[in-house]
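Below is one structure, written out as structure tokens; the observations come after it.
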Amino acid sequence: MNDRPHLDEEALAELQDVMDEEFDVLIHTYLSDSAERISSLRSALDEGDADALSRTAHSFKGSCLNIGAPRLGALCMEVEEAGRASRLSALEPLLASIESEFRQVRQGLERFLAD
Amino acid sequence: MEDAQSGNQPLRILIADDSDSDRLILQAMLRRLGHEVVEAANGGEAVERFRHASPQIVLLDAVMPGMDGMEAARQIKALAGERLVPLIFLTSLSDADALARCLEAGGDDFLTKPYNRVIIEAKINAFNRMRLMHETLSHQRDLIHEQHRKLTEEQEVAKRVFENVAHTGCLDAGSIRYHASPMSIFNGDILFACPRPDGGIQILIGDFTGHGLPAAIGAMPVAEIFYGMTSKGFSASDVLREINQKLKRILPAGMFCCAALIQADFALNQVQVWNGGLPDGWIIRGDGERLAMPSAHLPLGVLDSHRFDAAMAILQTSPGDTLMFMTDGVLEAASADGDMFGDAGVSAALQGRRDGQTPFEAVIDRLCEFSGGRLEQDDLTLVTLQMAEGGALEGLSDRLQLSALEGPAEWRCTYEIRDRTLGQFSPLPLLLHICMEVPGLRRRSGEIYTLLSELYTNALEHGILGLPSEWKATAEGFGRYYEERERRLNDISEHYIRFSLTHTMTDYGGRLVVVCEDSGHGFDYHQHRQPSGSGHGYAGRGLMLLHRLAGPLTFRERGNHVEIVYDWHFSEAGKTDDAAVHKPGVSHE
């Protein structure tokens with residue numbers, strides 16, 4: 001695990017400013033995209049497709065960094081690197097961490113929206 | 001034209017990213033900066049959008065499903081062609097190899113995630129400046145190409161127009177040899193040759209200061225004046241004065257025309273030369289002896305007409321003598337080592353002439369050798385004229401353009417010049433012009449001019465000035481004759497020459513009667529009863545010619561009243577020979 005925060009509050013505030021009334025749309029888009037990506041990661045692992053794993057993790061990482069979820073982004077990078085090195089055995093626990101971290105991020109974002 | 005310095009004009013920007021949320025963020029940031037955004041979710045879509053929307057800047061995610069960013073970048077760059085469309089990769093790539101591959105695929109820069117508003121704005125502006133600069137350069141390059149193409153085209157047209165003006169002459173005559181660059185009009189060199197009505201020839205060779213259009217513009221009026229006046233019978237001095245006055249008026253200060261005018265009279269075997277600013281001209285005698293004709297005047301277009309000196313140097317020649325003139329380009333021709341050909345080169349070439357080699361060939365061959373065969377590129381002009389037996393060029397005046405107008409048939413005119421004017425003005429072009437109004441006489445301009453000219457010269461030089469034609473038999477006498485002629489012309493008073501021309505139509509054609517009277521003492525025409533062809537040199541020639549050309553030749557009073565009857569036939573109006581119905585003969589009253 002890493003010691004980055006679940007959410008970068010400062011980055012989120014700036015995004016809110018940039019996106020204005022589209023901020024809600026952005027957050028919901030991110031959340032549904034992320035859920036989709038996690039299930040893609042899961043099925044790629046089941047199929048043993050290391051390349052698909054690393055590519056999906058790469059894209060996922062980018063959007064996590066942009067939305068202000070650095071810890072989840074860092075976990076994605078670990079998956080990307082393991083996938084590229086075809087270390088599939090290390091991935092099962094990593095994927096579990098991603099799923100749990102995503103739950104944290106989702107809760108945090110929903111709270112942020114409610115504020 | 002867009003302002004290349006403005007960094008904040010609205011742009012159309014294509015963004016391609018498979019991540020919806022990332023695309024939303026980037027789009028929002030760009031719109032806040034005032035730009036229009038075109039979106040694509042993968043590489044294939046990006047290429048398609050680029051094709052239709054023609055964005056000015058492209059932001060492209062490197063890793064996308066389907067066609068990835070690298071391939072899309074290659075295709076977009078290919079579609080952009082000569083346009084500079086800045087292409088910036090959006091990436092969270094961190095390893096150097098992957099970043100380098102993005103640039104190899106045609107990327108210009110990167111933007112890393114997470115996006116930073118300040119960096120994005122700065123990069124967009126920087127690349128827009130580069131794009132506008134490229135656009136300006138491309139535009140100017142296209143403009144230069146277009147202007148160059150137009151210029152070349154215009155020069156081609158100008159060259160054709162100029163050739164139409166310049167080539168009415170007789171540079172192709174057998175006695176003339178010349179070298180001139182095919183584009184000489186644009187290097188400022190001119191070379192014209194024109195037959196005179198009396199069968200002689202005038203050659204003008206010149207070199208305008210400067211190159212290109214200004215030099216070419218000056219050449220046009222020079223050609224018009226030269227051909228127009230020469231073919232009407234004006235003397236070389238008159239032609240020079242007219243050209244000088246014209247150039248003085250139209251050329252800007254500091255621009256002028258170094259030139260030489262050569263008037264060759266084959267019947268007299270005599271040349272008149274004027275050299276204003278060209279290198280030495282040469283007479284190369286049949287036996288190889290050489291005589292230099294250096295510049296004795298300022299170039300054309302420098303002096304006002306009242307200070308301009310159009311005096312010609314008069315030289316006696318023999319058949320087989322060669323005249324040579326050249327422009328500065330001959331002397332300035334350079335060898336591979338940078339040495340100049342110079343006067344020494346010309347002298348050496350003429351000195352070392354082999355048997356059978358003409359002076360023209362000698363100089364051209366040596367020039368070629370000296371400059372390593374690069375003669376074609378140099379703007380140099382060289383012309384030689386070989387003197388021939390009298391009448392070598394007769395008939396050339398037939399080529400002159402004929403007017404289509406019907407002319408007068410029945411007319412009479414009297415023209416008298418007196419006193420000072422006798423020394424300053426030749427009435428011959430005017431009288432010839434009057435006669436040439438008759439269509440039947442037009443083809444005979446050479447004969448008419450010769451008739452008028454012989455009568456006029458006789459009346460002036462022998463009748464009024466009292467110059468003994470015997471003087472011209474010797475070389476010293478020749479010089480003395482023309483010095484004395486000049487001197488006596490300066491103090492003429494109480495004298496006149498009167499021409500009376502009468503033209504009538506006859507059953508078979510027409511008749512021109514020319515009466516020439518002068519105020520001189522007259523001469524003993526009885527001595528000329530039996531004109532002889534040889535033994536009298538030039539002195540006897542005038543009467544010989546008159547006898548050959550015309551019918552009854554009548555002397556009256558003291559011999560200072562001469563009448564010539566010149567008949568022409570309809571059937572022969574197109575020919576130049578044998579106009580007279582009467583055979584030569586002399587009658588006295």
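Residue numbering restarts at 1 for every chain of the structure tokens, chains are lettered A, B, ... in their displayed order, and ligands are numbered from 1 as they appear.
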
Taking a cut-off of 12 Å and counting only C-alpha atoms, can you build a table that, for each residue of chain B near chain A, reports the nearest atom pair and how far apart they are in Å (one decimal), sorted by chain then residue number, as a tab-separated table?
residue	atom	partner	partner_atom	distance
B:Asp17	CA	A:Ser59	CA	9.4
B:Asp18	CA	A:Ser59	CA	8.1
B:Ser19	CA	A:Ser63	CA	6.9
B:Asp20	CA	A:Thr29	CA	6.9
B:Ser21	CA	A:Tyr30	CA	5.3
B:Asp22	CA	A:Ser63	CA	5.7
B:Arg23	CA	A:Ser63	CA	9.3
B:Leu24	CA	A:Leu26	CA	6.6
B:Ile25	CA	A:Met19	CA	7.0
B:Leu26	CA	A:Val18	CA	9.6
B:Gln27	CA	A:Met19	CA	9.3
B:Ala28	CA	A:Met19	CA	5.9
B:Met29	CA	A:Val18	CA	6.4
B:Leu30	CA	A:Val18	CA	9.9
B:Arg31	CA	A:Val18	CA	9.7
B:Arg32	CA	A:Val18	CA	7.7
B:Leu33	CA	A:Val18	CA	10.7
B:Asp61	CA	A:Ser59	CA	9.5
B:Ala62	CA	A:Ser59	CA	9.9
B:Val63	CA	A:Ser59	CA	7.4
B:Met64	CA	A:Ser59	CA	8.0
B:Pro65	CA	A:Arg55	CA	8.5
B:Gly66	CA	A:Arg55	CA	11.7
B:Asp68	CA	A:Arg55	CA	11.2
B:Leu90	CA	A:Gly62	CA	9.5
B:Thr91	CA	A:Gly62	CA	7.5
B:Ser92	CA	A:Gly62	CA	5.8
B:Leu93	CA	A:His58	CA	8.2
B:Ser94	CA	A:Met77	CA	10.4
B:Asp95	CA	A:Glu81	CA	11.3
B:Leu111	CA	A:Gly62	CA	11.6
B:Thr112	CA	A:Gly62	CA	8.8
B:Lys113	CA	A:Asn66	CA	5.9
B:Pro114	CA	A:Asn66	CA	4.2
B:Tyr115	CA	A:Asn66	CA	6.3
B:Asn116	CA	A:Asn66	CA	9.2
B:Arg117	CA	A:Val18	CA	9.0

With C-alpha atoms retained, could you export that selection as a PDB file, in the first residue's frame?
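Result saved to selection-v9.pdb:
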ATOM      1  CA  ASP B  17      -8.940  10.311 -25.469  1.00  0.00           C
ATOM      2  CA  ASP B  18     -10.757   7.068 -24.726  1.00  0.00           C
ATOM      3  CA  SER B  19     -11.340   8.101 -21.142  1.00  0.00           C
ATOM      4  CA  ASP B  20     -14.629  10.013 -20.973  1.00  0.00           C
ATOM      5  CA  SER B  21     -13.802  11.783 -17.722  1.00  0.00           C
ATOM      6  CA  ASP B  22     -10.379  12.922 -18.919  1.00  0.00           C
ATOM      7  CA  ARG B  23     -11.963  14.208 -22.127  1.00  0.00           C
ATOM      8  CA  LEU B  24     -14.575  16.126 -20.114  1.00  0.00           C
ATOM      9  CA  ILE B  25     -11.886  17.819 -18.041  1.00  0.00           C
ATOM     10  CA  LEU B  26      -9.707  18.800 -20.993  1.00  0.00           C
ATOM     11  CA  GLN B  27     -12.668  20.028 -22.982  1.00  0.00           C
ATOM     12  CA  ALA B  28     -13.818  22.209 -20.094  1.00  0.00           C
ATOM     13  CA  MET B  29     -10.334  23.685 -19.693  1.00  0.00           C
ATOM     14  CA  LEU B  30      -9.993  24.493 -23.402  1.00  0.00           C
ATOM     15  CA  ARG B  31     -13.457  26.014 -23.649  1.00  0.00           C
ATOM     16  CA  ARG B  32     -12.642  28.241 -20.686  1.00  0.00           C
ATOM     17  CA  LEU B  33      -9.674  29.530 -22.739  1.00  0.00           C
ATOM     18  CA  ASP B  61      -3.949  10.314 -25.970  1.00  0.00           C
ATOM     19  CA  ALA B  62      -1.024   7.998 -26.679  1.00  0.00           C
ATOM     20  CA  VAL B  63      -2.646   4.762 -25.485  1.00  0.00           C
ATOM     21  CA  MET B  64      -6.123   4.079 -26.842  1.00  0.00           C
ATOM     22  CA  PRO B  65      -7.970   0.918 -27.819  1.00  0.00           C
ATOM     23  CA  GLY B  66      -8.214   0.289 -31.567  1.00  0.00           C
ATOM     24  CA  ASP B  68      -3.642   4.028 -30.869  1.00  0.00           C
ATOM     25  CA  LEU B  90      -1.732  13.431 -23.677  1.00  0.00           C
ATOM     26  CA  THR B  91      -0.091  10.878 -21.500  1.00  0.00           C
ATOM     27  CA  SER B  92       0.624   9.459 -18.142  1.00  0.00           C
ATOM     28  CA  LEU B  93       3.512   7.533 -19.672  1.00  0.00           C
ATOM     29  CA  SER B  94       6.608   7.848 -17.620  1.00  0.00           C
ATOM     30  CA  ASP B  95       9.275   5.779 -19.338  1.00  0.00           C
ATOM     31  CA  LEU B 111       0.931  17.043 -21.682  1.00  0.00           C
ATOM     32  CA  THR B 112       1.010  14.782 -18.647  1.00  0.00           C
ATOM     33  CA  LYS B 113      -1.891  13.774 -16.447  1.00  0.00           C
ATOM     34  CA  PRO B 114      -3.029  15.194 -14.114  1.00  0.00           C
ATOM     35  CA  TYR B 115      -3.704  18.217 -16.328  1.00  0.00           C
ATOM     36  CA  ASN B 116      -2.537  21.620 -15.220  1.00  0.00           C
ATOM     37  CA  ARG B 117      -4.502  24.592 -16.513  1.00  0.00           C
TER      38      ARG B 117
END

Excluding stretch 79-93 of chain A and any residue of its chain fewer than 3 positions from it, enumerate the residues within 8 Å of it, using only C-alpha atoms, and give them as a list in words.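 Those residues are Leu45, Gly48, Ala50, Asp51, Leu53, Ser54, Arg55, Thr56, Ala57, His58, Leu75, Cys76, Ala96 and Ser97 of chain A.
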
Give me, as a count of residues only, the residues of stretch 158-279 of chain B that a backbone DSSP run labels helix (DSSP H, G or I). 48

Point out the residue among A:Leu94, A:Leu113, A:Ala74, A:Ala69 with the least atom-to-atom distance to A:Asp8, counting only C-alpha atoms. A:Ala69

Separation of atom CA of B:Ile492 and atom CA of B:Ile417, in Å?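 Pair atom CA of B:Ile492 / atom CA of B:Ile417 returns 12.0 Å.
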
Residues within 8 Å of stretch 290-302 of chain B, only C-alpha atoms, excluding chain neighbours under 4 positions, as an MDAnalysis selection string: chainID B and resid 240 243:249 251 255:259 273:285 309

Pick out the residues sitting within 10 Å of B:Asp108, and hand them over as a CSV table (one decimal) with N, CA and C atoms, in the first residue's frame; count only C-alpha atoms, and ignore anything fewer than 2 positions along from it in its own chain.
chain,number,residue,atom,x,y,z
B,85,VAL,N,0.4,21.5,-38.2
B,85,VAL,CA,-0.6,21.3,-37.2
B,85,VAL,C,0.1,20.7,-35.9
B,86,PRO,N,0.3,21.6,-34.9
B,86,PRO,CA,0.9,21.1,-33.7
B,86,PRO,C,0.2,19.9,-33.1
B,87,LEU,N,0.9,18.9,-32.7
B,87,LEU,CA,0.3,17.6,-32.2
B,87,LEU,C,0.9,17.3,-30.9
B,88,ILE,N,0.1,17.4,-29.8
B,88,ILE,CA,0.6,17.2,-28.5
B,88,ILE,C,0.0,16.0,-27.9
B,89,PHE,N,0.9,15.1,-27.4
B,89,PHE,CA,0.4,13.8,-26.8
B,89,PHE,C,-0.1,14.0,-25.4
B,102,CYS,N,6.5,8.5,-29.1
B,102,CYS,CA,5.5,9.5,-29.4
B,102,CYS,C,6.0,10.6,-30.4
B,103,LEU,N,7.2,11.1,-30.1
B,103,LEU,CA,7.8,12.1,-30.9
B,103,LEU,C,8.2,11.6,-32.3
B,104,GLU,N,8.7,10.4,-32.3
B,104,GLU,CA,9.0,9.8,-33.6
B,104,GLU,C,7.8,9.7,-34.5
B,105,ALA,N,6.6,9.4,-33.9
B,105,ALA,CA,5.4,9.3,-34.6
B,105,ALA,C,4.9,10.6,-35.1
B,106,GLY,N,5.6,11.7,-34.8
B,106,GLY,CA,5.2,13.0,-35.3
B,106,GLY,C,4.7,14.0,-34.3
B,110,PHE,N,4.4,17.0,-25.2
B,110,PHE,CA,3.5,16.1,-24.3
B,110,PHE,C,2.8,17.0,-23.3
B,127,PHE,N,2.5,26.9,-29.1
B,127,PHE,CA,2.4,26.2,-30.4
B,127,PHE,C,1.6,26.9,-31.4

Run DSSP on the backbone and tell me which residues of stretch 297-460 of chain B come out as strand (DSSP E); list them as a list in words.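 So the strand (DSSP E) residues in stretch 297-460 of chain B would be Ala313, Ile314, Leu315, Gln316, Thr322, Leu323, Met324, Phe325, Met326, Leu382, Val383, Thr384, Leu385, Gln386, Trp411, Arg412, Cys413, Thr414, Tyr415, Glu416, Ile417 and Arg418 of chain B.
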
Atom CA of B:Ala333 to atom CA of B:Val363, distance in Å rounded to a single decimal: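 Straight-line distance from atom CA of B:Ala333 to atom CA of B:Val363 works out to 11.9 Å.
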
What's the separation between atom CA of B:Asn42 and atom CA of B:Ile13, in Å to one decimal place? 15.4 Å

Compile the contact shell of A:Arg71 as JSON, numbers by chain: residues with an atom at most 8 Å away, counting only C-alpha atoms, same-chain residues fewer than 2 positions apart removed. {"A": [2, 3, 4, 5, 6, 7, 69, 73, 74, 75, 101]}

Using only C-alpha atoms, the residue out of B:Leu79, B:Ala215, B:His521, B:Pro429 with shortest distance to B:Met229 is B:Pro429

Polymer residues at most 12 Å from B:Ser138, only C-alpha atoms, same-chain spacing of 4 or more positions, as a PyMOL selection string: chain B and resi 1+82-84+131-134+142-145

File of the preceding selection, N, CA and C atoms, as a PDB file, in the first residue's frame:
ATOM      1  N   MET B   1      -4.651  37.665 -43.366  1.00  0.00           N
ATOM      2  CA  MET B   1      -3.447  37.189 -42.682  1.00  0.00           C
ATOM      3  C   MET B   1      -3.612  37.357 -41.184  1.00  0.00           C
ATOM      4  N   GLU B  82       1.621  20.161 -45.916  1.00  0.00           N
ATOM      5  CA  GLU B  82       2.546  21.270 -45.690  1.00  0.00           C
ATOM      6  C   GLU B  82       2.142  22.146 -44.504  1.00  0.00           C
ATOM      7  N   ARG B  83       0.846  22.032 -44.095  1.00  0.00           N
ATOM      8  CA  ARG B  83       0.411  22.832 -42.952  1.00  0.00           C
ATOM      9  C   ARG B  83       1.126  22.357 -41.709  1.00  0.00           C
ATOM     10  N   LEU B  84       1.466  23.273 -40.806  1.00  0.00           N
ATOM     11  CA  LEU B  84       1.996  22.837 -39.513  1.00  0.00           C
ATOM     12  C   LEU B  84       0.821  22.745 -38.553  1.00  0.00           C
ATOM     13  N   ARG B 131       2.747  27.859 -35.114  1.00  0.00           N
ATOM     14  CA  ARG B 131       1.895  27.540 -36.257  1.00  0.00           C
ATOM     15  C   ARG B 131       1.705  28.763 -37.156  1.00  0.00           C
ATOM     16  N   LEU B 132       1.450  29.934 -36.517  1.00  0.00           N
ATOM     17  CA  LEU B 132       1.224  31.147 -37.303  1.00  0.00           C
ATOM     18  C   LEU B 132       2.493  31.574 -38.032  1.00  0.00           C
ATOM     19  N   MET B 133       3.622  31.407 -37.365  1.00  0.00           N
ATOM     20  CA  MET B 133       4.887  31.770 -38.001  1.00  0.00           C
ATOM     21  C   MET B 133       5.108  30.898 -39.238  1.00  0.00           C
ATOM     22  N   HIS B 134       4.804  29.629 -39.070  1.00  0.00           N
ATOM     23  CA  HIS B 134       4.961  28.697 -40.185  1.00  0.00           C
ATOM     24  C   HIS B 134       4.022  29.082 -41.325  1.00  0.00           C
ATOM     25  N   ASP B 142       5.125  30.954 -50.915  1.00  0.00           N
ATOM     26  CA  ASP B 142       4.230  30.793 -52.068  1.00  0.00           C
ATOM     27  C   ASP B 142       4.172  32.080 -52.895  1.00  0.00           C
ATOM     28  N   LEU B 143       4.154  33.198 -52.158  1.00  0.00           N
ATOM     29  CA  LEU B 143       4.100  34.495 -52.821  1.00  0.00           C
ATOM     30  C   LEU B 143       5.346  34.706 -53.685  1.00  0.00           C
ATOM     31  N   ILE B 144       6.491  34.354 -53.107  1.00  0.00           N
ATOM     32  CA  ILE B 144       7.759  34.516 -53.839  1.00  0.00           C
ATOM     33  C   ILE B 144       7.758  33.612 -55.074  1.00  0.00           C
ATOM     34  N   HIS B 145       7.309  32.363 -54.888  1.00  0.00           N
ATOM     35  CA  HIS B 145       7.234  31.441 -56.027  1.00  0.00           C
ATOM     36  C   HIS B 145       6.350  32.023 -57.129  1.00  0.00           C
TER      37      HIS B 145
END
